[in-house]
file final-v4.cif (mmCIF, C-alpha atoms and all ligand atoms)
data_protein
loop_
_atom_site.label_atom_id
_atom_site.label_comp_id
_atom_site.auth_asym_id
_atom_site.auth_seq_id
_atom_site.Cartn_x
_atom_site.Cartn_y
_atom_site.Cartn_z
CA MET A 1 -48.78 -16.26 16.54
CA THR A 2 -52.09 -16.39 18.36
CA THR A 3 -53.98 -13.11 18.56
CA SER A 4 -54.85 -12.09 22.10
CA THR A 5 -58.44 -12.98 22.81
CA VAL A 6 -61.08 -12.00 25.31
CA VAL A 7 -63.72 -14.57 26.25
CA ILE A 8 -67.00 -13.21 27.57
CA GLY A 9 -70.30 -14.69 28.64
CA THR A 10 -73.10 -13.51 26.31
CA GLN A 11 -76.06 -14.38 28.54
CA TRP A 12 -76.41 -14.43 32.35
CA GLY A 13 -73.13 -16.14 33.21
CA ASP A 14 -72.50 -19.87 33.56
CA GLU A 15 -72.28 -20.33 29.80
CA GLY A 16 -69.29 -22.62 30.21
CA LYS A 17 -66.55 -19.99 29.92
CA GLY A 18 -64.35 -22.03 32.25
CA LYS A 19 -64.25 -24.98 29.89
CA ILE A 20 -63.79 -22.79 26.77
CA CYS A 21 -60.95 -20.87 28.45
CA ASP A 22 -59.40 -24.15 29.55
CA VAL A 23 -59.43 -25.35 25.92
CA LEU A 24 -58.22 -22.03 24.47
CA SER A 25 -55.55 -21.36 27.10
CA GLN A 26 -53.22 -23.97 25.62
CA TYR A 27 -52.70 -21.62 22.64
CA PHE A 28 -51.80 -18.60 24.81
CA ASP A 29 -48.80 -17.68 26.91
CA ALA A 30 -50.80 -16.23 29.77
CA THR A 31 -54.35 -15.89 31.00
CA ALA A 32 -55.93 -12.96 32.85
CA ARG A 33 -59.14 -12.13 34.65
CA PHE A 34 -60.30 -8.52 34.70
CA ASN A 35 -63.67 -8.15 36.47
CA GLY A 36 -65.58 -9.33 39.50
CA GLY A 37 -64.30 -11.39 42.36
CA PRO A 38 -65.28 -14.57 44.16
CA ASN A 39 -68.93 -14.08 43.19
CA ALA A 40 -67.82 -15.79 39.96
CA GLY A 41 -67.52 -19.53 39.78
CA HIS A 42 -65.73 -21.32 36.97
CA THR A 43 -65.62 -25.08 36.85
CA VAL A 44 -62.83 -26.75 34.90
CA GLN A 45 -62.23 -30.42 34.48
CA HIS A 46 -58.60 -31.33 35.16
CA GLY A 47 -58.19 -34.99 34.24
CA ASP A 48 -60.79 -36.70 36.39
CA GLN A 49 -61.01 -33.84 38.85
CA ARG A 50 -63.33 -30.87 38.72
CA ILE A 51 -61.61 -27.68 39.87
CA LYS A 52 -63.90 -24.91 41.10
CA LEU A 53 -62.26 -21.53 40.73
CA HIS A 54 -63.53 -18.26 42.16
CA HIS A 55 -60.70 -15.74 41.75
CA LEU A 56 -58.19 -17.26 39.36
CA PRO A 57 -58.61 -17.43 35.60
CA SER A 58 -59.42 -20.93 34.34
CA GLY A 59 -56.21 -21.15 32.32
CA VAL A 60 -54.35 -21.61 35.60
CA ALA A 61 -55.48 -25.26 35.57
CA ASN A 62 -53.51 -25.60 32.36
CA GLY A 63 -50.29 -24.32 33.93
CA ARG A 64 -50.53 -20.88 32.32
CA HIS A 65 -49.28 -17.69 33.99
CA ALA A 66 -52.47 -16.42 35.64
CA LEU A 67 -52.98 -12.70 36.18
CA MET A 68 -55.64 -10.84 38.11
CA MET A 69 -56.13 -7.28 36.82
CA PRO A 70 -56.99 -4.00 38.62
CA GLY A 71 -60.75 -4.16 37.89
CA MET A 72 -61.08 -7.23 40.07
CA ILE A 73 -61.80 -7.45 43.79
CA CYS A 74 -60.69 -10.24 46.10
CA ARG A 75 -60.76 -11.89 49.49
CA PRO A 76 -57.04 -12.41 50.21
CA ASP A 77 -57.47 -15.41 52.54
CA GLU A 78 -59.77 -17.26 50.13
CA LEU A 79 -57.56 -16.41 47.18
CA PHE A 80 -54.49 -17.79 48.92
CA GLU A 81 -56.40 -21.02 49.69
CA GLU A 82 -57.48 -21.22 46.05
CA ILE A 83 -53.88 -20.91 44.87
CA LYS A 84 -52.84 -23.69 47.26
CA MET A 85 -55.75 -25.88 46.10
CA VAL A 86 -54.61 -25.48 42.48
CA ALA A 87 -51.06 -26.38 43.54
CA GLU A 88 -52.31 -29.54 45.25
CA THR A 89 -54.65 -30.62 42.46
CA THR A 90 -52.26 -30.00 39.59
CA GLY A 91 -49.02 -30.87 41.41
CA THR A 92 -47.36 -27.53 40.55
CA PHE A 93 -47.40 -24.20 42.36
CA PRO A 94 -49.05 -21.89 39.81
CA HIS A 95 -47.44 -18.73 38.42
CA VAL A 96 -49.85 -16.05 39.63
CA THR A 97 -49.76 -12.23 39.54
CA VAL A 98 -52.40 -10.54 41.66
CA ASP A 99 -52.51 -6.85 40.79
CA ARG A 100 -51.58 -4.64 43.72
CA ARG A 101 -54.50 -2.28 42.91
CA ILE A 102 -57.19 -4.89 43.52
CA HIS A 103 -59.69 -3.92 46.21
CA ILE A 104 -60.29 -6.11 49.24
CA ILE A 105 -63.64 -7.61 50.20
CA THR A 106 -64.03 -7.60 53.97
CA GLU A 107 -66.36 -9.46 56.31
CA ARG A 108 -68.18 -6.16 56.73
CA HIS A 109 -68.90 -6.06 52.97
CA ARG A 110 -70.51 -9.48 53.29
CA GLU A 111 -72.64 -8.37 56.23
CA ILE A 112 -73.81 -5.31 54.29
CA ASP A 113 -74.57 -7.50 51.25
CA ALA A 114 -76.75 -9.78 53.43
CA ASP A 115 -78.44 -6.87 55.28
CA LYS A 116 -79.27 -5.07 52.06
CA GLU A 117 -80.68 -8.22 50.51
CA SER A 118 -82.97 -8.91 53.47
CA ALA A 119 -84.06 -5.26 53.54
CA ARG A 120 -85.13 -5.60 49.88
CA GLY A 121 -87.90 -8.01 50.88
CA ASP A 122 -89.66 -9.17 47.72
CA ASN A 123 -87.33 -7.12 45.52
CA LYS A 124 -84.18 -9.12 46.21
CA ILE A 125 -81.46 -9.09 43.56
CA GLY A 126 -80.44 -12.59 44.59
CA THR A 127 -76.78 -11.67 45.01
CA THR A 128 -74.18 -14.31 45.77
CA LEU A 129 -73.74 -12.65 49.22
CA THR A 130 -69.98 -12.54 48.63
CA GLY A 131 -69.81 -8.80 49.39
CA ASN A 132 -69.27 -7.89 45.76
CA GLY A 133 -71.60 -4.88 45.50
CA PRO A 134 -70.58 -3.23 48.82
CA CYS A 135 -66.88 -3.66 47.98
CA TYR A 136 -67.25 -1.96 44.59
CA ALA A 137 -69.40 0.72 46.27
CA ASP A 138 -66.60 1.51 48.76
CA LYS A 139 -64.16 1.64 45.87
CA SER A 140 -66.34 4.21 44.09
CA HIS A 141 -66.76 6.15 47.34
CA ARG A 142 -62.94 6.29 47.51
CA GLU A 143 -63.17 4.51 50.86
CA GLY A 144 -61.92 1.09 49.81
CA SER A 145 -58.80 -0.77 50.83
CA ARG A 146 -56.49 -2.02 48.11
CA LEU A 147 -53.95 -4.81 48.43
CA ASP A 148 -51.09 -2.32 48.28
CA MET A 149 -52.67 -0.37 51.15
CA ALA A 150 -53.54 -3.32 53.40
CA VAL A 151 -50.11 -4.88 53.06
CA PHE A 152 -48.68 -1.93 55.02
CA ASP A 153 -51.63 -1.68 57.41
CA ARG A 154 -51.08 -3.63 60.62
CA GLU A 155 -54.74 -3.13 61.51
CA SER A 156 -55.92 -4.96 58.41
CA PRO A 157 -57.15 -8.52 59.10
CA TYR A 158 -55.30 -9.53 55.94
CA HIS A 159 -52.00 -7.86 56.82
CA LYS A 160 -50.19 -11.12 57.57
CA ILE A 161 -51.62 -13.11 54.70
CA LEU A 162 -50.70 -10.32 52.29
CA ARG A 163 -47.13 -10.27 53.62
CA ASP A 164 -47.00 -14.01 52.92
CA MET A 165 -48.35 -13.49 49.42
CA VAL A 166 -45.70 -10.84 48.78
CA LYS A 167 -43.06 -13.31 49.99
CA TYR A 168 -44.33 -15.87 47.48
CA GLY A 169 -44.07 -13.23 44.73
CA LEU A 170 -47.83 -13.30 44.14
CA ILE A 171 -48.56 -9.55 44.19
CA GLY A 172 -47.42 -7.27 41.39
CA ASP A 173 -48.31 -5.05 38.45
CA SER A 174 -50.43 -7.12 36.07
CA VAL A 175 -50.81 -4.30 33.55
CA ARG A 176 -47.06 -3.84 33.16
CA GLU A 177 -46.54 -7.59 32.85
CA ILE A 178 -49.27 -7.91 30.23
CA ARG A 179 -47.97 -4.96 28.18
CA ASP A 180 -44.43 -6.37 28.32
CA MET A 181 -45.67 -9.77 27.18
CA LEU A 182 -47.64 -8.29 24.28
CA ASP A 183 -44.70 -6.08 23.25
CA SER A 184 -42.46 -9.12 23.08
CA GLY A 185 -44.88 -11.03 20.85
CA ARG A 186 -46.59 -13.17 23.44
CA SER A 187 -50.35 -13.57 23.66
CA VAL A 188 -52.83 -13.27 26.48
CA LEU A 189 -56.23 -14.86 26.95
CA PHE A 190 -58.54 -12.49 28.85
CA GLU A 191 -61.30 -14.21 30.72
CA GLY A 192 -64.50 -12.32 31.54
CA ALA A 193 -66.57 -13.32 34.54
CA HIS A 194 -70.37 -13.48 34.81
CA GLY A 195 -72.31 -12.64 31.64
CA PHE A 196 -73.28 -9.70 29.52
CA MET A 197 -76.83 -9.42 30.92
CA LEU A 198 -75.30 -8.96 34.39
CA ASP A 199 -73.12 -6.04 33.23
CA ILE A 200 -73.45 -2.97 35.46
CA ASP A 201 -74.06 -0.64 32.47
CA HIS A 202 -75.70 -2.84 29.84
CA GLY A 203 -77.39 -5.55 31.89
CA SER A 204 -80.90 -5.73 33.30
CA TYR A 205 -80.30 -3.14 36.04
CA PRO A 206 -80.75 -3.36 39.00
CA TYR A 207 -80.60 -7.17 38.65
CA VAL A 208 -76.94 -7.06 37.70
CA THR A 209 -73.54 -7.50 39.24
CA SER A 210 -71.31 -4.52 40.06
CA SER A 211 -68.62 -4.86 37.39
CA THR A 212 -68.19 -4.58 33.62
CA CYS A 213 -68.74 -8.06 32.18
CA GLY A 214 -68.11 -7.20 28.51
CA ALA A 215 -64.84 -6.94 26.60
CA THR A 216 -64.27 -3.30 27.57
CA GLY A 217 -63.96 -4.41 31.19
CA ILE A 218 -60.34 -5.36 30.46
CA GLY A 219 -59.51 -1.76 31.29
CA MET A 220 -56.49 -1.48 28.99
CA HIS A 221 -56.46 -1.20 25.22
CA ILE A 222 -55.33 -4.39 23.47
CA ASP A 223 -54.82 -4.37 19.71
CA PRO A 224 -55.30 -6.73 17.96
CA LEU A 225 -57.88 -8.46 20.10
CA GLU A 226 -60.32 -11.18 19.17
CA VAL A 227 -63.63 -11.31 21.01
CA CYS A 228 -65.09 -14.74 21.69
CA GLY A 229 -68.65 -14.88 22.98
CA VAL A 230 -69.59 -18.01 24.88
CA MET A 231 -73.25 -18.97 24.55
CA LYS A 232 -75.19 -21.85 25.98
CA ALA A 233 -77.69 -23.72 23.77
CA TYR A 234 -80.36 -22.76 26.29
CA SER A 235 -80.47 -20.04 29.01
CA THR A 236 -80.05 -20.00 32.75
CA ARG A 237 -80.28 -17.22 35.25
CA ILE A 238 -79.43 -17.37 38.91
CA GLY A 239 -80.86 -14.64 41.08
CA ALA A 240 -83.82 -12.39 40.33
CA GLY A 241 -84.71 -10.27 37.31
CA ALA A 242 -86.54 -10.57 34.00
CA PHE A 243 -86.06 -13.81 32.12
CA LEU A 244 -88.38 -13.72 29.13
CA THR A 245 -87.77 -17.26 27.86
CA GLU A 246 -87.94 -18.92 31.28
CA ILE A 247 -89.54 -22.38 31.30
CA GLU A 248 -92.10 -22.62 34.08
CA SER A 249 -90.98 -25.41 36.38
CA ASP A 250 -91.79 -28.70 34.71
CA ALA A 251 -90.20 -32.00 33.69
CA ILE A 252 -88.20 -30.29 30.91
CA SER A 253 -86.59 -27.62 33.05
CA ASP A 254 -85.89 -30.21 35.76
CA TYR A 255 -84.27 -32.47 33.19
CA ILE A 256 -82.06 -29.64 31.84
CA ARG A 257 -81.09 -28.55 35.36
CA GLU A 258 -80.03 -32.06 36.39
CA ARG A 259 -78.34 -33.02 33.16
CA GLY A 260 -76.53 -29.66 32.89
CA ARG A 261 -75.69 -29.60 36.61
CA GLU A 262 -77.29 -26.16 36.70
CA TYR A 263 -76.62 -25.25 40.32
CA GLY A 264 -74.58 -22.17 41.32
CA THR A 265 -70.85 -22.85 41.66
CA THR A 266 -70.61 -20.19 44.37
CA THR A 267 -73.96 -20.55 46.11
CA GLY A 268 -75.27 -24.03 45.20
CA ARG A 269 -78.65 -22.46 44.33
CA PRO A 270 -80.70 -24.16 41.57
CA ARG A 271 -80.52 -22.02 38.42
CA ARG A 272 -83.63 -20.84 36.59
CA ILE A 273 -83.89 -22.53 33.19
CA GLY A 274 -85.12 -21.09 29.89
CA TRP A 275 -84.80 -21.44 26.14
CA LEU A 276 -82.18 -19.66 24.07
CA ASP A 277 -83.05 -16.02 23.30
CA LEU A 278 -81.20 -14.64 20.27
CA SER A 279 -82.20 -11.03 21.01
CA VAL A 280 -79.93 -11.25 24.07
CA LEU A 281 -77.06 -12.34 21.82
CA GLU A 282 -77.83 -9.53 19.39
CA GLU A 283 -77.60 -6.97 22.18
CA CYS A 284 -74.34 -8.47 23.38
CA HIS A 285 -72.93 -8.32 19.85
CA ARG A 286 -73.90 -4.66 19.45
CA VAL A 287 -71.75 -3.71 22.41
CA ASN A 288 -68.91 -6.22 22.11
CA ASP A 289 -68.51 -6.74 18.35
CA LEU A 290 -68.06 -10.49 18.73
CA ASP A 291 -65.63 -12.14 16.30
CA TYR A 292 -66.89 -15.65 16.91
CA LEU A 293 -69.09 -17.73 19.16
CA ALA A 294 -68.44 -20.83 21.22
CA LEU A 295 -71.68 -22.80 21.62
CA THR A 296 -71.78 -24.91 24.76
CA MET A 297 -73.88 -27.51 26.54
CA VAL A 298 -75.62 -28.85 23.41
CA ASP A 299 -75.20 -32.36 24.87
CA VAL A 300 -77.56 -31.35 27.70
CA LEU A 301 -80.44 -31.22 25.18
CA SER A 302 -79.77 -34.80 24.02
CA GLN A 303 -82.84 -36.48 25.51
CA LEU A 304 -85.40 -33.84 24.58
CA HIS A 305 -87.97 -34.63 21.92
CA GLN A 306 -87.52 -31.08 20.65
CA PHE A 307 -86.13 -27.77 21.88
CA HIS A 308 -87.06 -24.15 21.22
CA VAL A 309 -85.27 -20.90 20.38
CA LYS A 310 -86.60 -17.35 20.40
CA LEU A 311 -85.44 -15.44 17.34
CA ARG A 312 -84.35 -11.79 17.16
CA ASN A 313 -87.80 -10.71 15.99
CA GLY A 314 -89.47 -12.41 18.97
CA GLU A 315 -90.81 -15.36 16.99
CA TRP A 316 -90.17 -18.92 18.12
CA THR A 317 -88.62 -21.79 16.22
CA SER A 318 -88.06 -25.43 17.19
CA PHE A 319 -85.45 -28.07 16.48
CA PRO A 320 -85.67 -31.85 16.75
CA GLY A 321 -83.86 -33.73 19.53
CA TRP A 322 -81.77 -36.84 18.88
CA GLY A 323 -81.77 -39.09 21.94
CA TYR A 324 -78.20 -40.40 21.91
CA ASP A 325 -74.80 -39.49 23.34
CA ILE A 326 -72.84 -37.00 21.21
CA SER A 327 -69.82 -36.48 23.48
CA GLY A 328 -67.62 -38.58 21.17
CA VAL A 329 -68.47 -36.58 18.01
CA ARG A 330 -65.56 -34.46 16.69
CA GLU A 331 -66.79 -33.58 13.16
CA PHE A 332 -69.53 -31.02 12.63
CA GLN A 333 -71.17 -33.05 9.84
CA HIS A 334 -71.56 -36.01 12.23
CA LEU A 335 -73.67 -33.99 14.66
CA PRO A 336 -77.44 -34.60 14.70
CA SER A 337 -79.47 -32.39 12.37
CA GLY A 338 -81.04 -30.52 15.33
CA ILE A 339 -77.67 -29.07 16.31
CA ARG A 340 -76.54 -28.35 12.76
CA GLU A 341 -79.79 -26.48 12.12
CA LEU A 342 -79.40 -24.58 15.39
CA VAL A 343 -75.88 -23.48 14.40
CA SER A 344 -77.01 -22.34 11.00
CA THR A 345 -79.92 -20.39 12.53
CA ILE A 346 -77.55 -18.67 14.98
CA GLU A 347 -75.15 -17.75 12.19
CA THR A 348 -77.89 -16.45 9.89
CA GLN A 349 -79.59 -14.45 12.62
CA LEU A 350 -76.46 -12.88 14.08
CA SER A 351 -73.89 -12.97 11.25
CA ILE A 352 -71.27 -14.31 13.64
CA PRO A 353 -69.49 -17.61 12.98
CA VAL A 354 -69.90 -20.41 15.53
CA ARG A 355 -66.30 -21.59 15.67
CA MET A 356 -66.44 -23.96 18.62
CA ILE A 357 -69.12 -26.37 19.78
CA SER A 358 -68.73 -28.02 23.15
CA VAL A 359 -70.35 -31.47 23.28
CA GLY A 360 -69.46 -32.45 26.85
CA PRO A 361 -67.76 -31.19 29.99
CA ARG A 362 -64.31 -32.63 29.28
CA THR A 363 -61.59 -30.52 27.66
CA GLU A 364 -61.34 -32.73 24.57
CA GLU A 365 -65.12 -32.78 24.02
CA VAL A 366 -65.18 -29.93 21.53
CA ILE A 367 -65.73 -29.52 17.80
CA TRP A 368 -63.78 -26.85 15.91
CA ARG A 369 -65.11 -25.27 12.73
CA SER A 370 -62.92 -23.21 10.43
P1 LIG B 401 -73.52 -10.28 42.96
O1 LIG B 401 -72.57 -10.27 41.82
O2 LIG B 401 -73.17 -11.31 44.01
O3 LIG B 401 -73.77 -8.94 43.55
O4 LIG B 401 -74.95 -10.75 42.39
C1 LIG B 401 -75.67 -9.95 41.47
C2 LIG B 401 -76.40 -10.84 40.47
O5 LIG B 401 -75.45 -11.45 39.60
C3 LIG B 401 -77.18 -12.00 41.09
O6 LIG B 401 -78.30 -12.27 40.26
C4 LIG B 401 -76.19 -13.15 41.01
O7 LIG B 401 -76.82 -14.41 41.05
C5 LIG B 401 -75.56 -12.87 39.65
N1 LIG B 401 -74.22 -13.43 39.50
C6 LIG B 401 -73.07 -12.99 40.06
N2 LIG B 401 -72.04 -13.72 39.64
C7 LIG B 401 -72.52 -14.64 38.80
C8 LIG B 401 -71.91 -15.67 38.01
O8 LIG B 401 -70.69 -15.87 37.97
N3 LIG B 401 -72.75 -16.45 37.26
C9 LIG B 401 -74.09 -16.22 37.23
N4 LIG B 401 -74.69 -15.27 37.92
C10 LIG B 401 -73.91 -14.47 38.70
MG MG B 402 -70.37 -19.71 37.08
#
call {"tool": "encode", "arguments": {"input": "final-v4.cif", "output": "structure tokens"}}
result
Amino acid sequence: MTTSTVVIGTQWGDEGKGKICDVLSQYFDATARFNGGPNAGHTVQHGDQRIKLHHLPSGVANGRHALMMPGMICRPDELFEEIKMVAETTGTFPHVTVDRRIHIITERHREIDADKESARGDNKIGTTLTGNGPCYADKSHREGSRLDMAVFDRESPYHKILRDMVKYGLIGDSVREIRDMLDSGRSVLFEGAHGFMLDIDHGSYPYVTSSTCGATGIGMHIDPLEVCGVMKAYSTRIGAGAFLTEIESDAISDYIRERGREYGTTTGRPRRIGWLDLSVLEECHRVNDLDYLALTMVDVLSQLHQFHVKLRNGEWTSFPGWGYDISGVREFQHLPSGIRELVSTIETQLSIPVRMISVGPRTEEVIWRS
């Protein structure tokens, strides 16, 4: 039996969690998201099509039962469209449970998000302007509107759409369903959104999102639970805030941005590019007790003469590039020495095994290590 697993981003989001969850989801009975809302963007490759998800867990592309848990927030109209898009792209109407306790993002939340950002002048957070922060703020103020409230509220702009979603059996109790599944020996893949450095408690406040991005964000105790940290071979950050290994705009950062398609899934903004910083991973490990790592986007570094990594102690080290396509490689020992040395440095520095290495965007482009 597969042990239930939570997949989290260890950096600033966009580590490739969508792809890793897509690969892993085939070994699980169900897949669940627990934090954030449509400020997240997960891209999964389904055959020749790229599916961009904002609310649903990536495993939905794989036909898995997809659950959205109480810590999430949502825009009902956009969520319903997303479910229909998945149905059209995959040819099957997905099995979805949207927790009835999820809070609703309104147009007003988006206006407040935009107003607050412009009022910040030079101190902008660089939010996705999806109304995420104001929605969670209303929730904490005990002034929010949950799905199970709006469905009975004729004044709510989402009243009708929520009635339709109820008719389709889309709204329910995700926690009860998950506990029942676990009790009957089935396994769940929990999919974190964003990344650890954007966590409301542990991230680089105030340049953070408004939810818990680490494993504890699941909000219910799962035992046993494996924690998989997804890390990119370099760093990106979208939005403002400290980024100590940022590469000042030059040919190298431009190359990485283009090759890695480093533009926001939700906003289309170009992402800031930097080298890998292992002190960020160390901090993430301290809080989340990672069981293993999935290293992604190594193929993006292919054409570089060399690439750099900042170690835990702040010192820098460099690895040689290779200059050829590695997307067909499936055995670790056939990878170029630059990547093998990088993996061994990560494992020595952090004492966490790198169990998966993603060598391209497609689902099958992954190397497993035991
Ligand atoms: P918000 O979540 O829209 O409030 O944005 C807060 C910060 O988190 C901004 O820097 C955003 O760019 C960043 N952010 C939010 N969601 C994601 C994500 O899924 N990936 C990367 N950055 C994100
Ligand atoms: Mg993303």
call {"tool": "residues_near_ligand", "arguments": {"input": "final-v4.cif", "ligand": "ligand LIG 401 (chain B)", "cutoff": "8 Å", "atoms": "all atoms listed in the file", "output": "NGL selection string"}}
result
:A and (12-14 or 36 or 39-42 or 113 or 125-133 or 193-195 or 198 or 207-210 or 237-241 or 264-266)
call {"tool": "residues_around", "arguments": {"input": "final-v4.cif", "residues": "Leu278 (chain A)", "least_positions_apart": "2", "cutoff": "7 Å", "atoms": "only C-alpha atoms", "output": "PyMOL selection string"}}
result
chain A and resi 276+280-282+310-312
call {"tool": "residues_around", "arguments": {"input": "final-v4.cif", "residues": "Val96 (chain A)", "least_positions_apart": "6", "cutoff": "8 Å", "atoms": "only C-alpha atoms", "output": "VMD selection string"}}
result
chain A and resid 65 to 68 170
call {"tool": "residues_around", "arguments": {"input": "final-v4.cif", "residues": "Ala32 (chain A)", "least_positions_apart": "2", "cutoff": "8 Å", "atoms": "all atoms listed in the file", "output": "ChimeraX atom specification"}}
result
/A:30,34,57,66-69,188-191
call {"tool": "write_last_selection", "arguments": {"input": "final-v4.cif", "atoms": "C-alpha atoms", "output": "mmCIF file, keeping the file's coordinate frame"}}
result
data_model
loop_
_atom_site.group_PDB
_atom_site.id
_atom_site.type_symbol
_atom_site.label_atom_id
_atom_site.label_comp_id
_atom_site.auth_asym_id
_atom_site.auth_seq_id
_atom_site.Cartn_x
_atom_site.Cartn_y
_atom_site.Cartn_z
ATOM 1 C CA ALA A 30 -50.800 -16.230 29.770
ATOM 2 C CA PHE A 34 -60.300 -8.520 34.700
ATOM 3 C CA PRO A 57 -58.610 -17.430 35.600
ATOM 4 C CA ALA A 66 -52.470 -16.420 35.640
ATOM 5 C CA LEU A 67 -52.980 -12.700 36.180
ATOM 6 C CA MET A 68 -55.640 -10.840 38.110
ATOM 7 C CA MET A 69 -56.130 -7.280 36.820
ATOM 8 C CA VAL A 188 -52.830 -13.270 26.480
ATOM 9 C CA LEU A 189 -56.230 -14.860 26.950
ATOM 10 C CA PHE A 190 -58.540 -12.490 28.850
ATOM 11 C CA GLU A 191 -61.300 -14.210 30.720
#
call {"tool": "residues_around", "arguments": {"input": "final-v4.cif", "residues": "Met165 (chain A)", "least_positions_apart": "5", "cutoff": "12 Å", "atoms": "all atoms listed in the file", "output": "PyMOL selection string"}}
result
chain A and resi 76-77+79-81+83-84+96-100+147-148+151+158-160+170-172
call {"tool": "closest_residue", "arguments": {"input": "final-v4.cif", "among": "A:Arg64, A:His141, A:His55, A:Arg355", "to": "Cys228 (chain A)", "atoms": "all atoms listed in the file"}}
result
A:Arg355
call {"tool": "atom_distance", "arguments": {"input": "final-v4.cif", "atom1": "CA of Arg362 (chain A)", "atom2": "CA of Leu335 (chain A)"}}
result
17.4 Å
call {"tool": "closest_residue", "arguments": {"input": "final-v4.cif", "among": "A:Ser187, A:Gln49, A:Thr267, A:Ser118", "to": "ligand MG 402 (chain B)", "atoms": "all atoms listed in the file"}}
result
A:Thr267
call {"tool": "residues_around", "arguments": {"input": "final-v4.cif", "residues": "Arg330 (chain A)", "least_positions_apart": "6", "cutoff": "9 Å", "atoms": "all atoms listed in the file", "output": "PyMOL selection string"}}
result
chain A and resi 359+365-368
call {"tool": "atom_distance", "arguments": {"input": "final-v4.cif", "atom1": "CA of Thr31 (chain A)", "atom2": "CA of Pro157 (chain A)"}}
result
29.2 Å
call {"tool": "closest_residue", "arguments": {"input": "final-v4.cif", "among": "A:Arg176, A:Arg120, A:Lys52, A:His46", "to": "ligand MG 402 (chain B)", "atoms": "all atoms listed in the file"}}
result
A:Lys52
call {"tool": "closest_residue", "arguments": {"input": "final-v4.cif", "among": "A:Glu15, A:Glu226, A:Asp122, A:Asp138", "to": "ligand MG 402 (chain B)", "atoms": "all atoms listed in the file"}}
result
A:Glu15
call {"tool": "atom_distance", "arguments": {"input": "final-v4.cif", "atom1": "CA of Gln306 (chain A)", "atom2": "CA of Arg272 (chain A)"}}
result
19.3 Å
call {"tool": "closest_residue", "arguments": {"input": "final-v4.cif", "among": "A:Ile161, A:Val309, A:Ile112, A:Val44", "to": "ligand MG 402 (chain B)", "atoms": "all atoms listed in the file"}}
result
A:Val44
call {"tool": "closest_residue", "arguments": {"input": "final-v4.cif", "among": "A:Arg271, A:Ile326, A:Met297, A:Ala119", "to": "ligand MG 402 (chain B)", "atoms": "only C-alpha atoms and all ligand atoms"}}
result
A:Arg271
call {"tool": "residues_near_point", "arguments": {"input": "final-v4.cif", "point": "(-68.6, -10.5, 21.0)", "cutoff": "10 Å", "atoms": "only C-alpha atoms", "output": "list in words"}}
result
Val6, Val7, Ile8, Gly9, Thr10, Phe196, Gly214, Ala215, Glu226, Val227, Cys228, Gly229, Val230, Leu281, Glu282, Glu283, Cys284, His285, Arg286, Val287, Asn288, Asp289, Leu290, Asp291, Tyr292, Leu293 and Ile352 of chain A
